[in-house]
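These notes concern the structure reproduced below.
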Amino acid sequence: MKVLVIGSGGREHALLWALKKSPILTELYVTPGRPAMENLGVLVDMNIKNPIDVTQFCKRENIELVIVGPEQPIIDGLADNLVAERINVFAPSQAAAKLEASKSFTKGLCKQYGIPTAKYECFVDEGLAKNFIRSNKIKFPLVVKANGIAAGKGVMICNTENEAFAAINSMLVEKKFGESGEEIIIEEFLIGEEVSYFAFVDGLKAVTLGCAKDYKRAYENNDSRNTGGMGSYSSPSIISKDMEQKIIQRIIYPTIQALTNIGTPYRGVLFAGLMICKDNPKLLEYNVRFGDPEIQSMLPRFYENCDLLKLMLSVAEGKLNTKVVELNNKAAVCVVVASKGYPGDYQKGETIKGLDKIESIPGILVFHAGTKLDESGNWVSDGGRVLNIVGEGNTVEEAKGKVYSALNFLEWPGGFFRYDIGS
Ligand code: AMP
Ligand code: GLY
């Protein structure tokens, strides 16, 4: 089978690595990809913002499945364009992708279908939003969110009325988030344990992939800035089977039923950001794609005989077999190495050494999120999040030990990583 993967980050590198194992794969293409992916797939240069370019390439090369990594092309409707040309795609339609594109849409579904989530109200008017804050209907701390996608920056936790007013002003008056902030959500602050939960969904059927933990802050302290994710770990013990059932029954199934009811069934991977509040899971947000860096620590745990490509094709075709996708009982820890300065300004083009040595260590995987090759063939940094080093082990402790000892061989003074991933 000929497959095209769209994207260029560590998530897509990990997907290529896992897809490459499939016995039904004949050719693997990636666009835009990056040089580190060349040993897994053919890099194709095309404009992924132009769906005609993508569909034409797929028709010319007889691509049988397109897998879309990042959210933007999904939200822009790439899956609809491919489906219209009868090309199988692993990604939801634009209408179903509103789950990620519009928090007020998702909150509305939650209200209508009784899906547990934080108490909230939506506003487009600054005055009404401030009156709501003054009404004390939601106590401090509370959360002010931009409705649309805002690269992880559109969520503000406010401890005082002044902070809440400043957050409202930044979105509704100063329009710092553009269109994404034209509507806001004010919601209750939830206390609990945050997990990233994933399910494959093909309309009305869902199969659980389980969950991972993501480390969002740039450094070890909780006051540092939010990032796309500085690391993740995955193990069977993050949540109990009982909790998993609650998540599926109370959150995942009602959501996919709701989407089918309104005529926009969901196909693809559904990523629920959850807060486990005592014994009850509550939905923080949905994403319509794999988590990055969550999937980098989940894919190594797929059973050898579990064919990821077959599974993804069955989702795209609406023929998902509902037997549970078994991840093994082991653990994996993924540490993100980022350019110093990230998530703010950073340098690019710095030489990175030691990767050959790291890659040769048993139980260690290296995925590239932001590198390229210089003229002499050295790896150089080319982004904020640059490398994902993944350690596998029987336990999280073992995987963590492995990944941090491997990182001792990294020679890149301009990079940094957190020391507590897996703690
Ligand atoms: P979101 O983009 O909605 O996932 O929010 C980003 C991060 O803000 C989440 O991963 C949580 O850590 C935090 N957050 C968002 N909403 C809430 C909430 N209602 N209560 C507590 N923390 C929240
Ligand atoms: N790591 C969180 C995300 O992919 O959105």
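Chain labels run A, B, ... following the order of the structure tokens; each chain numbers its residues from 1, and ligands are numbered from 1 in the order shown.
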Residues of chain A that have any atom at most 7 Å from an atom of ligand 2: could you tabulate them with the shortest-distance atom pair and the distance in Å to one decimal, using only C-alpha atoms and all ligand atoms, ordered by chain and increasing number, as JSON lines?
```
{"residue": "A:Asp214", "atom": "CA", "partner": "ligand 2", "partner_atom_place_in_ligand_line": "1 (N)", "distance": 5.9}
{"residue": "A:Gly228", "atom": "CA", "partner": "ligand 2", "partner_atom_place_in_ligand_line": "1 (N)", "distance": 5.5}
{"residue": "A:Gly229", "atom": "CA", "partner": "ligand 2", "partner_atom_place_in_ligand_line": "1 (N)", "distance": 4.7}
{"residue": "A:Asn287", "atom": "CA", "partner": "ligand 2", "partner_atom_place_in_ligand_line": "5 (O)", "distance": 6.8}
{"residue": "A:Phe290", "atom": "CA", "partner": "ligand 2", "partner_atom_place_in_ligand_line": "4 (O)", "distance": 6.5}
{"residue": "A:Gly291", "atom": "CA", "partner": "ligand 2", "partner_atom_place_in_ligand_line": "4 (O)", "distance": 3.4}
{"residue": "A:Asp292", "atom": "CA", "partner": "ligand 2", "partner_atom_place_in_ligand_line": "4 (O)", "distance": 4.0}
{"residue": "A:Pro293", "atom": "CA", "partner": "ligand 2", "partner_atom_place_in_ligand_line": "1 (N)", "distance": 5.3}
{"residue": "A:Glu294", "atom": "CA", "partner": "ligand 2", "partner_atom_place_in_ligand_line": "1 (N)", "distance": 6.0}
```
Practice task
Could the residues that lie within 8 Å of ligand 1, counting only C-alpha atoms and all ligand atoms, be listed as an MDAnalysis selection string?
Solution key: chainID A and resid 103 117:118 142:143 145 152:157 187:191 194 216 273 275 284:286
Exercise for the section: Identify all residues of region 18-195 of chain A in strand (DSSP E) (DSSP on the backbone) and supply them as a VMD selection string. Expected result: chain A and resid 27 to 32 42 to 43 65 to 68 89 to 90 120 to 123 142 to 146 155 to 158 184 to 188 193 to 195
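Pairwise distance (CA of Met46 (chain A), CA of Leu19 (chain A)) equals 21.5 Å.
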Handout entry: Surrounding residues of Glu183 (chain A) excluding itself and chain neighbours under 4 positions, 6 Å, only C-alpha atoms, as a PyMOL selection string
Key = chain A and resi 123-124+147
Counting only C-alpha atoms, what is within 12 Å of Asn261 (chain A), bar same-chain residues fewer than 2 positions away, as a compact mmCIF listing (two decimals) with all heavy atoms, in the first residue's frame?
```
# COMPACT_ATOMS: atom_id res chain seq x y z
N ALA A 96 -16.24 18.08 11.63
CA ALA A 96 -15.96 17.36 12.88
C ALA A 96 -14.75 17.96 13.60
O ALA A 96 -14.65 17.88 14.83
CB ALA A 96 -15.73 15.87 12.59
N LEU A 109 -21.65 21.06 22.91
CA LEU A 109 -21.94 19.62 22.83
C LEU A 109 -21.98 19.02 24.23
O LEU A 109 -22.84 18.20 24.56
CB LEU A 109 -20.86 18.87 22.04
CG LEU A 109 -20.88 18.82 20.53
CD1 LEU A 109 -19.89 17.77 20.05
CD2 LEU A 109 -22.25 18.51 19.98
N GLN A 112 -25.19 19.95 25.97
CA GLN A 112 -26.36 19.28 25.41
C GLN A 112 -26.39 17.79 25.72
O GLN A 112 -27.46 17.22 25.91
CB GLN A 112 -26.35 19.49 23.89
CG GLN A 112 -27.69 19.26 23.25
CD GLN A 112 -27.62 19.49 21.74
OE1 GLN A 112 -26.67 20.11 21.25
NE2 GLN A 112 -28.59 18.99 21.02
N TYR A 113 -25.21 17.16 25.75
CA TYR A 113 -25.17 15.70 25.90
C TYR A 113 -24.70 15.25 27.29
O TYR A 113 -24.42 14.07 27.49
CB TYR A 113 -24.29 15.08 24.81
CG TYR A 113 -24.98 15.13 23.46
CD1 TYR A 113 -24.94 16.27 22.68
CD2 TYR A 113 -25.72 14.04 23.00
CE1 TYR A 113 -25.60 16.34 21.46
CE2 TYR A 113 -26.39 14.09 21.78
CZ TYR A 113 -26.32 15.24 21.02
OH TYR A 113 -26.99 15.31 19.83
N GLY A 203 -16.51 6.82 13.21
CA GLY A 203 -17.94 7.12 13.11
C GLY A 203 -18.55 6.80 14.46
O GLY A 203 -18.42 7.57 15.40
N LEU A 204 -19.16 5.60 14.55
CA LEU A 204 -19.79 5.26 15.83
C LEU A 204 -19.00 4.27 16.67
O LEU A 204 -19.40 3.94 17.78
CB LEU A 204 -21.21 4.73 15.59
CG LEU A 204 -22.26 5.83 15.37
CD1 LEU A 204 -23.62 5.25 15.06
CD2 LEU A 204 -22.35 6.76 16.58
N PRO A 254 -20.46 9.49 24.14
CA PRO A 254 -21.44 10.57 23.94
C PRO A 254 -20.98 11.60 22.89
O PRO A 254 -21.79 12.13 22.15
CB PRO A 254 -21.55 11.22 25.32
CG PRO A 254 -21.07 10.18 26.28
CD PRO A 254 -20.07 9.34 25.55
N THR A 255 -19.67 11.85 22.82
CA THR A 255 -19.18 12.84 21.85
C THR A 255 -19.35 12.33 20.42
O THR A 255 -19.86 13.05 19.55
CB THR A 255 -17.68 13.13 22.10
OG1 THR A 255 -17.53 13.62 23.42
CG2 THR A 255 -17.15 14.15 21.10
N ILE A 256 -18.97 11.08 20.19
CA ILE A 256 -19.04 10.61 18.79
C ILE A 256 -20.50 10.38 18.38
O ILE A 256 -20.86 10.58 17.23
CB ILE A 256 -18.13 9.38 18.51
CG1 ILE A 256 -18.50 8.16 19.33
CG2 ILE A 256 -16.68 9.76 18.75
CD1 ILE A 256 -17.59 6.96 19.05
N GLN A 257 -21.34 10.03 19.36
CA GLN A 257 -22.79 9.92 19.07
C GLN A 257 -23.34 11.30 18.72
O GLN A 257 -24.09 11.45 17.75
CB GLN A 257 -23.50 9.34 20.30
CG GLN A 257 -24.99 9.10 20.10
CD GLN A 257 -25.27 7.99 19.09
OE1 GLN A 257 -24.83 6.87 19.28
NE2 GLN A 257 -25.97 8.32 18.01
N ALA A 258 -22.94 12.31 19.48
CA ALA A 258 -23.42 13.68 19.24
C ALA A 258 -23.02 14.14 17.84
O ALA A 258 -23.82 14.71 17.10
CB ALA A 258 -22.84 14.63 20.28
N LEU A 259 -21.77 13.87 17.46
CA LEU A 259 -21.30 14.32 16.14
C LEU A 259 -22.06 13.59 15.03
O LEU A 259 -22.40 14.20 14.01
CB LEU A 259 -19.79 14.11 16.00
CG LEU A 259 -18.93 15.07 16.82
CD1 LEU A 259 -17.46 14.69 16.72
CD2 LEU A 259 -19.12 16.52 16.37
N GLY A 263 -24.83 15.07 12.04
CA GLY A 263 -24.50 14.84 10.63
C GLY A 263 -23.03 15.03 10.29
O GLY A 263 -22.67 15.19 9.12
N THR A 264 -22.16 15.05 11.33
CA THR A 264 -20.73 15.20 11.05
C THR A 264 -19.95 14.13 11.79
O THR A 264 -19.22 14.42 12.74
CB THR A 264 -20.23 16.59 11.49
OG1 THR A 264 -20.45 16.72 12.90
CG2 THR A 264 -20.93 17.71 10.79
N PRO A 265 -20.12 12.85 11.38
CA PRO A 265 -19.43 11.78 12.11
C PRO A 265 -17.92 11.97 12.12
O PRO A 265 -17.35 12.54 11.19
CB PRO A 265 -19.83 10.52 11.35
CG PRO A 265 -20.34 10.97 10.03
CD PRO A 265 -20.85 12.37 10.22
N TYR A 266 -17.29 11.47 13.19
CA TYR A 266 -15.85 11.67 13.39
C TYR A 266 -15.07 10.46 12.92
O TYR A 266 -15.38 9.33 13.28
CB TYR A 266 -15.58 11.89 14.89
CG TYR A 266 -14.18 12.38 15.16
CD1 TYR A 266 -13.92 13.74 15.26
CD2 TYR A 266 -13.12 11.49 15.28
CE1 TYR A 266 -12.63 14.19 15.48
CE2 TYR A 266 -11.83 11.94 15.50
CZ TYR A 266 -11.60 13.30 15.60
OH TYR A 266 -10.33 13.75 15.81
```
Exercise for the section: Find the spatial neighbours of Asp382 (chain A), counting only C-alpha atoms, within a cut-off of 6 Å - ignore same-chain residues fewer than 2 positions away - and output them as a PyMOL selection string. Expected result: chain A and resi 348-349+370-371
